[in-house]
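Structure first, then comments.
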Amino acid sequence: MKSEINKRLVGIAIFAVFATVVGTTIIFYSLFQRQVKKDLSIAANLLKDTHYFESVNISTDKIDLSTDFDELRVTWIAKDGTVLYDNDATAKFLNNHNDRPEIQEAFYNGVGEAIRKSDTMKKNTFYYAILLDNGTVLRVATNAQSLYAVFVSAVPIIVLIILIIIFMCVVISHLLTKQLLDPIEVMVSNLENADYESPYKELDPLSEMLRSQHADVLAAAKARQDFTANVSHELKTPLTSISGYAELLESGMVAPEKQNHFYQEIHKYANRLLALINDIIKLSELDRVNYELAFEEIDLFELATECVKDLSVNARVKSISTYIEGEKSIVNGNRDLLRELIENLVQNAIRYNNPEGKVTVTVKPVDDRICLIVKDNGIGIPAADQERVFERFYRVDKSRSKATGGTGLGLAIVKHIAELHEAKIELDSAPGVGSTITVMF
Ligand code: ADP
C-alpha cells in the first residue's frame, strides 16, 4: 500500500516536473529567439543606416569588420548572389548565396530572416538579411543555443529537483498512509465497541460493513458451536438407549417374553439416529458455500400432488385425511430440494395433528407469486414459539416430536431451501385451531 502510494506520488511528481520544465523551456526559448532576431535586425539596420557598404562601392579589401566580437557574422552579397564580403571567411571561397532563403526574401521583400541548424545539435544560426539602397544585400548572423541545448543544460537541475521530490514523496506517502491506516487499525480493534465512532466520515461505510460482517461471523460461529453441541447431545440420547438395551440383552437378564420389546426399542432408536443423521447431512449440504444447484422449471402443483400421495399412507394410519388443491404452477427450482420442503411441511401437518384431522395442500398463483399453502387443523403452535420453530433443534413439545419421529430440523431445512429459492415463508397458527404455512415463490 505504502509503496503503491509512493510510486504514484513519485510518478505524478516526475510528470509534473517534466511538464513544467518542458513548458517553461519552450516559452523561455521562444522569448529568447525573438530577442536574438530583434538584436540581429537592429545590427543590420544600424549597418545599413551608416551607408558604409554603398560608399565603399565594391572595393571590399577596404572593409574590415573582423572585430573582436566574432559573435556577429556580417556578409555582403551582390545582386547576383556572389558573396562580396564576409567577416568570417574570405569571400571568394564562399559559393553563390542566391539559394539562401533569407537572401531570396531580402531581394524580394527588402528583409529576410532564417534559422538554420549548425553541424552540432547544440547550436542554431540566426540570419537577418536587408536590402541596401544600391540593390545589394547585407546579412548579419549569430549563433545561439538550440532548444535542445537549453533543455540539456537544464538536465542537472531537473535531476536534482526530481531527487528532492522523490525524497519528499517517500516522506509524504509514509505520513499519508500512516494517517489513513492508523484510524483503520484502531477501528478494527474497536469492532465490538458499540460506542466507537469512526475518526473521519469517509470511514463510516467501511466501519459499518466491517461491524455487520464481524457480527455475522460471530453469530455464524456461535450458531455452529450451538449446532455442534446440539448434534452431539441429540446423537448421544438414542445411542445411550441402544447401548443400554443391547447391554441388558447381552447380559441374559431379560426374560425371553420381554426381549422382543427391547429389540423394538433398539430398532426405534436406531431409526431416530438414522433420521437425525440424514437431516444433519441435508443441512450441512445446504450450508455448503457455493452450493451449485441444478435449477429447472417445475410444476409445483404436480410435485405437491406426488408428495401428498406418498404421505397419504402415513396419514391414513393416524386417521388423517389429506387433500390437494390448486392448479398448474411453474416455478424455477431444484426438484429434490422442493420435494424435501413439501414433504417436511406435510409430515409436520400430519405429525402435529389430531385423529380425524385434515391436511390440505394448495398450490396456486396469488398476485404475481406462486404459493404453496400447507394447512392443518392440528394442535397449532403457541404465538411465543412461532418465531423460533424454524431454528435448528427447536421443538415446542419435545416428547411429541421424538415420539413421532421428528428430529427438530425439519423446519430449519424448509427455511434454508426457501432461502435458496428466494421464497418467503409465512406461518399462521393458533393452538387448538391449526397451522397454515405459506411458502411464496
Ligand atoms: P420436528 O422434526 O420436531 O417436527 P421441525 O423443525 O419440523 O421439527 O418443527 C419444529 C417444531 O415446530 C416441532 O417440534 C413442532 O413443535 C412445531 N411444528 C412444526 N410444524 C407444526 C405444525 N404443523 N403444527 C404444530 N406444530 C408444528
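Going through the C-alpha cells in order, the chains are called A, B, and so on, while each chain numbers its residues from 1 and the ligands are numbered from 1 in the order shown.
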
Expected answer as a CSV table (one decimal) with C-alpha atoms, in the first residue's frame: residues within 7 Å of ligand 1, only C-alpha atoms and all ligand atoms:
```csv
chain,number,residue,atom,x,y,z
A,344,ASN,CA,-41.3,-31.8,5.6
A,345,LEU,CA,-44.3,-29.4,5.8
A,348,ASN,CA,-45.4,-31.9,10.2
A,349,ALA,CA,-49.0,-31.2,9.4
A,352,TYR,CA,-48.9,-32.5,14.9
A,353,ASN,CA,-52.5,-33.2,14.0
A,376,ASP,CA,-53.8,-28.4,9.0
A,378,GLY,CA,-54.0,-29.8,14.3
A,379,ILE,CA,-52.6,-28.8,17.7
A,380,GLY,CA,-51.2,-25.4,16.4
A,381,ILE,CA,-48.1,-23.5,17.6
A,389,VAL,CA,-39.8,-23.1,15.3
A,390,PHE,CA,-37.5,-22.5,12.3
A,392,ARG,CA,-32.4,-25.9,14.4
A,393,PHE,CA,-33.5,-28.4,17.1
A,394,TYR,CA,-36.2,-26.1,18.4
A,395,ARG,CA,-39.3,-28.1,19.3
A,396,VAL,CA,-42.4,-26.9,21.0
A,397,ASP,CA,-43.2,-30.3,22.5
A,398,LYS,CA,-40.0,-32.3,22.6
A,401,SER,CA,-41.7,-34.6,18.3
A,402,LYS,CA,-39.5,-37.5,19.3
A,405,GLY,CA,-40.0,-39.5,14.6
A,406,GLY,CA,-39.2,-35.7,14.5
A,407,THR,CA,-35.7,-34.5,14.5
A,408,GLY,CA,-36.2,-30.8,15.3
A,409,LEU,CA,-34.5,-30.0,12.0
A,410,GLY,CA,-37.4,-30.2,9.5
A,411,LEU,CA,-38.5,-26.5,9.5
A,412,ALA,CA,-34.8,-25.4,9.6
A,434,GLY,CA,-54.3,-25.5,13.5
A,435,SER,CA,-51.4,-24.1,11.4
```

Compare A:Lys48, A:Lys222, A:Arg288, A:Lys309 by their minimum atom-to-atom distance to A:Val361, counting only C-alpha atoms, and give me the closest one.
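Ranked by minimum distance to A:Val361, first place goes to A:Lys309.
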
What separation in Å, quoted to one decimal, exists between atom CA of A:Glu54 and atom CA of A:Tyr85?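 Atom-to-atom, atom CA of A:Glu54 and atom CA of A:Tyr85 are spaced 12.8 Å apart.
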
Checklist entry - Leaving out stretch 173-178 of chain A and any residue of its chain fewer than 5 positions from it, which residues lie within 12 Å of it when counting only C-alpha atoms, given as a list in words? => result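 Those residues are Met1, Lys2, Ser3, Glu4, Ile5, Asn6, Lys7, Arg8, Leu9, Val10, Ile165, Ile166, Phe167, Met168, Pro183, Ile184, Glu185 and Val186 of chain A.
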
- Message: Can you pull out every residue from stretch 178-321 of chain A that DSSP, working from the backbone, puts in strand (DSSP E or B), and format the result as JSON, numbers by chain?
- Response: {"A": [296, 297, 298, 299, 321]}

| said: Show me, as a list in words, the residues that have an atom within 8 Å of stretch 417-429 of chain A when counting only C-alpha atoms, minus same-chain residues fewer than 5 positions from it. | reply: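 In the requested format, the answer is Leu286, Gly333, Leu337, Leu338, Leu341, Gly380, Ile381, Pro382, Ala383, Gln386, Gly434, Ser435, Thr436, Ile437, Thr438, Val439, Met440 and Phe441 of chain A.
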
May I have the selected residues written with N, CA, C and O atoms, as a PDB file, in the first residue's frame?
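Saved to out-v9.pdb:
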```pdb
ATOM      1  N   LEU A 286     -26.788 -28.110   2.517  1.00  0.00           N
ATOM      2  CA  LEU A 286     -27.390 -26.808   2.215  1.00  0.00           C
ATOM      3  C   LEU A 286     -26.498 -25.661   2.676  1.00  0.00           C
ATOM      4  O   LEU A 286     -26.491 -24.588   2.096  1.00  0.00           O
ATOM      5  N   GLY A 333     -36.800 -24.047  -9.900  1.00  0.00           N
ATOM      6  CA  GLY A 333     -36.211 -24.538  -8.660  1.00  0.00           C
ATOM      7  C   GLY A 333     -35.540 -25.879  -8.805  1.00  0.00           C
ATOM      8  O   GLY A 333     -35.454 -26.439  -9.905  1.00  0.00           O
ATOM      9  N   LEU A 337     -34.839 -30.598  -3.755  1.00  0.00           N
ATOM     10  CA  LEU A 337     -34.978 -29.731  -2.583  1.00  0.00           C
ATOM     11  C   LEU A 337     -36.436 -29.325  -2.376  1.00  0.00           C
ATOM     12  O   LEU A 337     -36.924 -29.296  -1.242  1.00  0.00           O
ATOM     13  N   LEU A 338     -37.149 -29.049  -3.476  1.00  0.00           N
ATOM     14  CA  LEU A 338     -38.552 -28.654  -3.336  1.00  0.00           C
ATOM     15  C   LEU A 338     -39.391 -29.822  -2.803  1.00  0.00           C
ATOM     16  O   LEU A 338     -40.288 -29.636  -1.985  1.00  0.00           O
ATOM     17  N   LEU A 341     -38.804 -29.935   0.833  1.00  0.00           N
ATOM     18  CA  LEU A 341     -39.544 -28.857   1.506  1.00  0.00           C
ATOM     19  C   LEU A 341     -41.016 -29.235   1.693  1.00  0.00           C
ATOM     20  O   LEU A 341     -41.558 -29.154   2.809  1.00  0.00           O
ATOM     21  N   GLY A 380     -51.572 -26.848  16.535  1.00  0.00           N
ATOM     22  CA  GLY A 380     -51.173 -25.436  16.436  1.00  0.00           C
ATOM     23  C   GLY A 380     -49.892 -25.124  17.192  1.00  0.00           C
ATOM     24  O   GLY A 380     -49.367 -25.963  17.944  1.00  0.00           O
ATOM     25  N   ILE A 381     -49.400 -23.924  16.989  1.00  0.00           N
ATOM     26  CA  ILE A 381     -48.141 -23.524  17.642  1.00  0.00           C
ATOM     27  C   ILE A 381     -48.419 -22.258  18.456  1.00  0.00           C
ATOM     28  O   ILE A 381     -48.943 -21.271  17.899  1.00  0.00           O
ATOM     29  N   PRO A 382     -48.080 -22.236  19.744  1.00  0.00           N
ATOM     30  CA  PRO A 382     -48.301 -21.024  20.540  1.00  0.00           C
ATOM     31  C   PRO A 382     -47.538 -19.832  19.948  1.00  0.00           C
ATOM     32  O   PRO A 382     -46.437 -20.008  19.403  1.00  0.00           O
ATOM     33  N   ALA A 383     -48.130 -18.633  20.064  1.00  0.00           N
ATOM     34  CA  ALA A 383     -47.532 -17.429  19.460  1.00  0.00           C
ATOM     35  C   ALA A 383     -46.077 -17.256  19.883  1.00  0.00           C
ATOM     36  O   ALA A 383     -45.223 -16.877  19.068  1.00  0.00           O
ATOM     37  N   GLN A 386     -43.725 -19.309  17.754  1.00  0.00           N
ATOM     38  CA  GLN A 386     -43.812 -19.252  16.280  1.00  0.00           C
ATOM     39  C   GLN A 386     -42.539 -18.734  15.614  1.00  0.00           C
ATOM     40  O   GLN A 386     -42.151 -19.203  14.558  1.00  0.00           O
ATOM     41  N   GLY A 434     -55.071 -24.893  14.592  1.00  0.00           N
ATOM     42  CA  GLY A 434     -54.296 -25.485  13.499  1.00  0.00           C
ATOM     43  C   GLY A 434     -53.256 -24.505  12.966  1.00  0.00           C
ATOM     44  O   GLY A 434     -53.131 -23.380  13.464  1.00  0.00           O
ATOM     45  N   SER A 435     -52.488 -24.962  11.990  1.00  0.00           N
ATOM     46  CA  SER A 435     -51.408 -24.135  11.436  1.00  0.00           C
ATOM     47  C   SER A 435     -51.524 -24.065   9.922  1.00  0.00           C
ATOM     48  O   SER A 435     -51.932 -25.030   9.279  1.00  0.00           O
ATOM     49  N   THR A 436     -51.137 -22.916   9.408  1.00  0.00           N
ATOM     50  CA  THR A 436     -51.033 -22.759   7.957  1.00  0.00           C
ATOM     51  C   THR A 436     -49.658 -22.185   7.660  1.00  0.00           C
ATOM     52  O   THR A 436     -49.303 -21.126   8.196  1.00  0.00           O
ATOM     53  N   ILE A 437     -48.896 -22.916   6.857  1.00  0.00           N
ATOM     54  CA  ILE A 437     -47.586 -22.389   6.449  1.00  0.00           C
ATOM     55  C   ILE A 437     -47.654 -22.113   4.957  1.00  0.00           C
ATOM     56  O   ILE A 437     -48.039 -22.968   4.160  1.00  0.00           O
ATOM     57  N   THR A 438     -47.319 -20.858   4.598  1.00  0.00           N
ATOM     58  CA  THR A 438     -47.359 -20.464   3.192  1.00  0.00           C
ATOM     59  C   THR A 438     -45.942 -20.172   2.716  1.00  0.00           C
ATOM     60  O   THR A 438     -45.214 -19.421   3.366  1.00  0.00           O
ATOM     61  N   VAL A 439     -45.564 -20.814   1.608  1.00  0.00           N
ATOM     62  CA  VAL A 439     -44.263 -20.511   1.001  1.00  0.00           C
ATOM     63  C   VAL A 439     -44.539 -19.807  -0.313  1.00  0.00           C
ATOM     64  O   VAL A 439     -45.224 -20.344  -1.186  1.00  0.00           O
ATOM     65  N   MET A 440     -44.035 -18.548  -0.423  1.00  0.00           N
ATOM     66  CA  MET A 440     -44.309 -17.759  -1.634  1.00  0.00           C
ATOM     67  C   MET A 440     -43.071 -17.680  -2.522  1.00  0.00           C
ATOM     68  O   MET A 440     -42.033 -17.186  -2.097  1.00  0.00           O
ATOM     69  N   PHE A 441     -43.213 -18.220  -3.727  1.00  0.00           N
ATOM     70  CA  PHE A 441     -42.070 -18.220  -4.663  1.00  0.00           C
ATOM     71  C   PHE A 441     -42.140 -17.023  -5.575  1.00  0.00           C
ATOM     72  O   PHE A 441     -43.203 -16.671  -6.050  1.00  0.00           O
TER      73      PHE A 441
END
```

Q.
Given only C-alpha atoms as the basis, pick out the residue of A:Leu203, A:Ala403, A:Ile298, A:Ile158 nearest to A:Lys268.
A.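 Going through A:Leu203, A:Ala403, A:Ile298, A:Ile158 one by one, the smallest distance to A:Lys268 is for A:Ala403.
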
Point out the residue among A:Arg211, A:Thr360, A:Phe126, A:Val171 with the least atom-to-atom distance to A:Gln35, counting only C-alpha atoms.
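Checking each candidate against A:Gln35, we get A:Phe126 as the closest.
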
Can you pull out the residues contacting A:Arg116? Cut-off 12 Å, using only C-alpha atoms, and skip same-chain residues under 5 positions away; I want them as a PyMOL selection string. chain A and resi 100-102+121-128+141-146

Review point. A:Ile324: which residues within 9 Å, counting only C-alpha atoms, same-chain residues fewer than 5 positions away excluded, as a list in words?
Key: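 My list of contacting residues is Phe301, Ala304, Thr305, Val308, Val359, Thr360, Val361, Thr362 and Val363 of chain A.
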
_Would you pick out the contacts of A:Asn334 at 8 Å or less, using only C-alpha atoms, so that residues sharing its chain but fewer than 4 positions from it are not included, and give the list as a list in words?_
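Once the nearby chain positions are removed, what remains is Leu293, Ala294, Phe295, Glu296 and Leu338 of chain A.
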
Would you mind exporting N, CA, C and O atoms of the selected residues as a PDB file, in the first residue's frame?
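This went into part03.pdb:
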```
ATOM      1  N   LEU A 293     -26.640 -25.475  -7.506  1.00  0.00           N
ATOM      2  CA  LEU A 293     -27.937 -26.119  -7.632  1.00  0.00           C
ATOM      3  C   LEU A 293     -28.346 -26.219  -9.088  1.00  0.00           C
ATOM      4  O   LEU A 293     -28.162 -25.275  -9.848  1.00  0.00           O
ATOM      5  N   ALA A 294     -28.890 -27.403  -9.427  1.00  0.00           N
ATOM      6  CA  ALA A 294     -29.428 -27.517 -10.785  1.00  0.00           C
ATOM      7  C   ALA A 294     -30.880 -27.027 -10.720  1.00  0.00           C
ATOM      8  O   ALA A 294     -31.724 -27.685 -10.115  1.00  0.00           O
ATOM      9  N   PHE A 295     -31.138 -25.855 -11.279  1.00  0.00           N
ATOM     10  CA  PHE A 295     -32.497 -25.309 -11.279  1.00  0.00           C
ATOM     11  C   PHE A 295     -33.182 -25.655 -12.597  1.00  0.00           C
ATOM     12  O   PHE A 295     -32.538 -25.727 -13.632  1.00  0.00           O
ATOM     13  N   GLU A 296     -34.487 -25.909 -12.500  1.00  0.00           N
ATOM     14  CA  GLU A 296     -35.241 -26.188 -13.729  1.00  0.00           C
ATOM     15  C   GLU A 296     -36.669 -25.695 -13.508  1.00  0.00           C
ATOM     16  O   GLU A 296     -37.044 -25.328 -12.392  1.00  0.00           O
ATOM     17  N   LEU A 338     -37.149 -29.049  -3.476  1.00  0.00           N
ATOM     18  CA  LEU A 338     -38.552 -28.654  -3.336  1.00  0.00           C
ATOM     19  C   LEU A 338     -39.391 -29.822  -2.803  1.00  0.00           C
ATOM     20  O   LEU A 338     -40.288 -29.636  -1.985  1.00  0.00           O
TER      21      LEU A 338
END
```

**Asked** Quick one: distance from atom CA of A:His97 to atom CA of A:Leu131 in Å, one decimal?
**Response**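 These two atoms are separated by 14.0 Å.
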
- Using backbone DSSP assignments, extract all helix (DSSP H, G or I) residues from stretch 224-375 of chain A; output them as a PyMOL selection string. chain A and resi 224-251+256-287+300-317+335-351

Pairwise distance, atom CA of A:Asp133 with atom CA of A:Ala114, equals 21.6 Å
